[in-house]
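Here's the structure, in structure tokens; my notes come after.
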Amino acid sequence: MSISSSVPGDSSTSLRRHIEAVHNISRIVSSTLVSDECLQGILRTAMDGVDAEAGSILLHNERDDSLLFRYVVGEKAAELTGVSVPSDHGLSGKVFQSGKPFLTNTPDQDRHHMSELDIRLHFHTRNIVTVPLQYREGKPIGVMQILNKRTGSFDDDDLGILEIISSVAASALDGILKGDAHSTKATGTGLGTRVVKNAVDAHHGALEGESTEGKGATFRIKLPFPG
């Protein structure tokens, strides 16, 4: 599967970053069938897309109404993976409960920030973006958090990129858990095309494709961009 992109009338750096995020994420979900590998790849892509040092995907556990650090990338990954927090605590809980993304470059000044976790891990959260993970029907399944931009502060452009990637992550989780993706290739699942289509739809874009049996398919992504 190859993908080209087009957004009429805008060639800004911000736009190119959004398109690059879609390209990178489509490659991840098209090249792996393993759920843990796929989600770790998506998380690393999110971090690279906004130049961040650490990230995590927290999934909701309905049995005890908690958020579990299922996938973690960064210097504290080994210590944080498997830790659970109440689903209404911290910035993760705030976003999970509200379904709305949240960005702060001064987490120490936010009452929702779990500073005790920083102290426990000997870690300093300088800035953080938290975005919800939701199935297409709106059911929340967790959150994705990206921490500590290497240079400067997180901005709305970073938030937009992470919202695109989070929609792909949620679709990947949906497809993996339900096992309903399919492909005409013997070695594929069709998951890559489906999650990219879901992400494009979520951002009011268009996905156009041409396919030739035995040769593959080419897709063109069109995303609207303000201004």
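Residues are named by chain letter and number: chains run A, B, ... in the order of the structure tokens, numbers start at 1 in each chain, and ligands are numbered from 1 in the order shown.
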When you look at Arg150 (chain A) with a cut-off of 12 Å (counting only C-alpha atoms), what residues show up, excluding the ones that are within fewer than 4 positions of it in the same chain? I need them as JSON, numbers by chain.
{"A": [47, 48, 49, 50, 51, 52, 53, 54, 125, 126, 127, 128, 146, 154]}
Would you export the selected residues with C-alpha atoms as a CSV table (one decimal), in the first residue's frame, please?
chain,number,residue,atom,x,y,z
A,47,MET,CA,6.5,10.9,20.5
A,48,ASP,CA,8.6,11.4,17.3
A,49,GLY,CA,5.9,13.5,15.7
A,50,VAL,CA,6.0,16.1,18.5
A,51,ASP,CA,9.6,15.6,19.5
A,52,ALA,CA,8.9,14.3,23.0
A,53,GLU,CA,11.0,12.2,25.4
A,54,ALA,CA,8.3,9.9,26.9
A,125,THR,CA,7.1,16.2,34.1
A,126,ARG,CA,7.9,19.5,32.4
A,127,ASN,CA,4.9,19.5,30.1
A,128,ILE,CA,2.3,17.0,29.0
A,146,ILE,CA,3.0,12.4,25.7
A,154,PHE,CA,3.8,21.9,23.4
Enumerate the residues of region 29-183 of chain A with a DSSP assignment of strand (DSSP E or B), computed from the backbone, and present them as a VMD selection string.
chain A and resid 52 to 61 66 to 73 84 to 86 102 to 104 128 to 134 140 to 149
Asn148 (chain A) proximity check over A:Pro101, A:Arg111, A:Gly55, A:Leu121, using only C-alpha atoms: winner is A:Gly55
Going by DSSP on the backbone, which residues of region 59-132 of chain A come out as helix (DSSP H, G or I)? List them as a PyMOL selection string.
chain A and resi 77-80+90-98+107-109+115-121
From A:Leu39, A:Val129, A:Val85, A:Met144, residue lying nearest Asp157 (chain A) [only C-alpha atoms]:
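Of the candidates, the smallest distance to Asp157 (chain A) is held by A:Val129.
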How far is it from CA of Ile165 (chain A) to CA of Ala46 (chain A), in Å with one decimal?
6.4 Å
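Among the candidates A:His60, A:Arg70, A:Lys94, A:His124, the residue lying nearest to Pro140 (chain A) is A:His60 (atoms considered: only C-alpha atoms).
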Interatomic distance, CA of Tyr71 (chain A) to CA of Ile25 (chain A) (Å, one decimal)
16.4 Å
Hey, what's within 8 Å of Ser87 (chain A) if we count only C-alpha atoms and toss same-chain stuff fewer than 6 positions away? As a PyMOL selection string, please?
chain A and resi 60+65-67+93+96-97
Give me, please, the distance in Å between CA of Gly152 (chain A) and CA of Lys100 (chain A), quoted to one decimal.
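CA of Lys100 (chain A) lies at a distance of 23.6 Å from CA of Gly152 (chain A).
Using only C-alpha atoms, the smallest distance between any of A:Ser56, A:Leu91, A:Thr106, A:Gly41 and Ala78 (chain A) comes from A:Ser56.
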